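Everything on this sheet refers to the single structure shown next.
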Amino acid sequence: MAGGAILGAILGSFIAALVARWPRGESVAKGRSHCDSCGKPLAARDLVPIISFPLNRGRCRYCGAKIGAYHWVSEILGALIGGVSLYACPSEIGLAGAAFGWMLLALALLDMRHFWLPDRIVLPLILMGLACSFLAGPPSPLESALGAAIGYLGLQSIRISYRLLRGREGLGGGDPKLFAAIGAWLGGLVLPFVLLAASVLGIMAAITLRMAGKPLRRDSELAFGAMLAAAAWPLWLALPAFYAALGR
C-alpha cells in the first residue's frame with residue numbers, strides 16, 4: 001500500500017505537469033522541471049510530491065508566482081489512488097486498477113482545465129481495459145467488449161440526438177470515447193450507475209458554481225468527462241461486490 005501511494009504521488013506530480021504543459025505543446029519528459037512563470041529550473045526540494053507545495057506556500061521560491069492548487073490535488077489524489085488500489089487488490093489487478101485511476105485523473109484534470117479528452121490517453125485506456133479483462137474476473141472479455149461498444153454507442157447517440165434537437169453540442173466528442181473506455185474496464189452492467197453518479201456530480205458542480213456567484217447559462221459548459229472519470233474509479237473498487245450481488 002505504501003509503495004502504491006508513493007508511486008501515485010510521483011505520478012500525480014507528473015500528471016499535474018502534463019496538464020499544464022501538454023496543451024501548450026511543451027514536452028514534459030524532456031529537460032529539467034522549471035517554474036512555468038519565470039522558467040527557473042527547480043531544485044530537488046521544490047519537487048517533493050505533496051510536501052513541497054505547502055512548504056513553499058503554493059508559490060515559486062524564486063519569483064513568488066502562485067502555483068495552481070491542482071498540482072497539489074493531483075499529487076494527493078495520485079497517492080490515494082495508488083495506495084487504495086493496491087490495498088484493495090495487492091496483485092497485478094490492483095496495479096491495473098491504479099493505472100486506470102491515474103489515467104482517469106489525467107483526463108479529468110485536462111477536461112476541467114481545457115475541455116480536452118485527448119485520444120492519446122483515451123484510446124490506450126480502452127485497449128488496456130479490454131486486455132485487463134483477461135485477468136481474474138470481472139468483467140469477462142465478452143462483458144468488457146460489450147461494455148466498450150455500449151458505452152460509445154450509448155453516449156454518442158445521446159450526443160447526436162441533443163445536437164439535432166437543440167442545434168448545438170451538448171457533449172464533447174471525447175465523452176463517448178471515454179465512456180467506452182469505462183465500459184471496457186467495468187462492463188456494460190455498471191455503465192448506468194456511472195452515468196447516474198456522473199450526472200449527480202454535474203448537478204453538484206453546477207450548484208457549487210452558482211453558490212460561488214458564478215453565473216450559469218443554459219449554454220454554460222461543464223466538464224462532463226471529468227464527472228465520468230470521477231464516478232468510474234470508485235465503482236471499479238466496488239466491482240467484485242457488484243458482480244457478486246448479481247451472482248456472477
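Letters A, B, ... go to the chains of the C-alpha cells in the order shown; residues in each chain start at 1; ligands are counted from 1 in the same order.
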Compile the contact shell of Leu130 (chain A) as a list in words: residues with an atom at most 12 Å away, counting only C-alpha atoms, same-chain residues fewer than 6 positions apart removed.
-> Ala96, Phe100, Leu123, Pro124, Gly137, Pro138, Pro139, Ser140, Pro141, Leu142, Glu143, Ser144, Ala145, Leu146, Gly147, Ala148, Ala149, Ala180, Ala181, Ile182, Gly183, Ala184, Trp185, Leu186 and Gly187 of chain A
Assign secondary structure with DSSP using the backbone only, and return the residues of region 3-222 of chain A in strand (DSSP E or B) as a short mmCIF file (atom, residue, chain, number, x, y, z; two decimals) with C-alpha atoms, in the first residue's frame.
```cif
data_model
loop_
_atom_site.label_atom_id
_atom_site.label_comp_id
_atom_site.auth_asym_id
_atom_site.auth_seq_id
_atom_site.Cartn_x
_atom_site.Cartn_y
_atom_site.Cartn_z
CA HIS A 34 11.05 24.54 -14.15
CA PRO A 41 14.95 25.26 -13.00
CA ARG A 59 4.35 29.71 -4.64
CA LYS A 66 1.33 31.25 -7.44
#
```
Coordinates-based distance that separates CA of Ile121 (chain A) from CA of Gly8 (chain A) (Å, one decimal) | 17.5 Å
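Take the candidates A:Ala29, A:Met1, A:Met103, A:Met227 and check each one against Leu125 (chain A) using only C-alpha atoms; the shortest distance goes to A:Met103.
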Identify which of the residues A:Ile150, A:Ile81, A:Ala197, A:Val73 lies closest to Ile6 (chain A), counting only C-alpha atoms when measuring atom-to-atom distances.
->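 Smallest distance to Ile6 (chain A) is found for A:Ile81.
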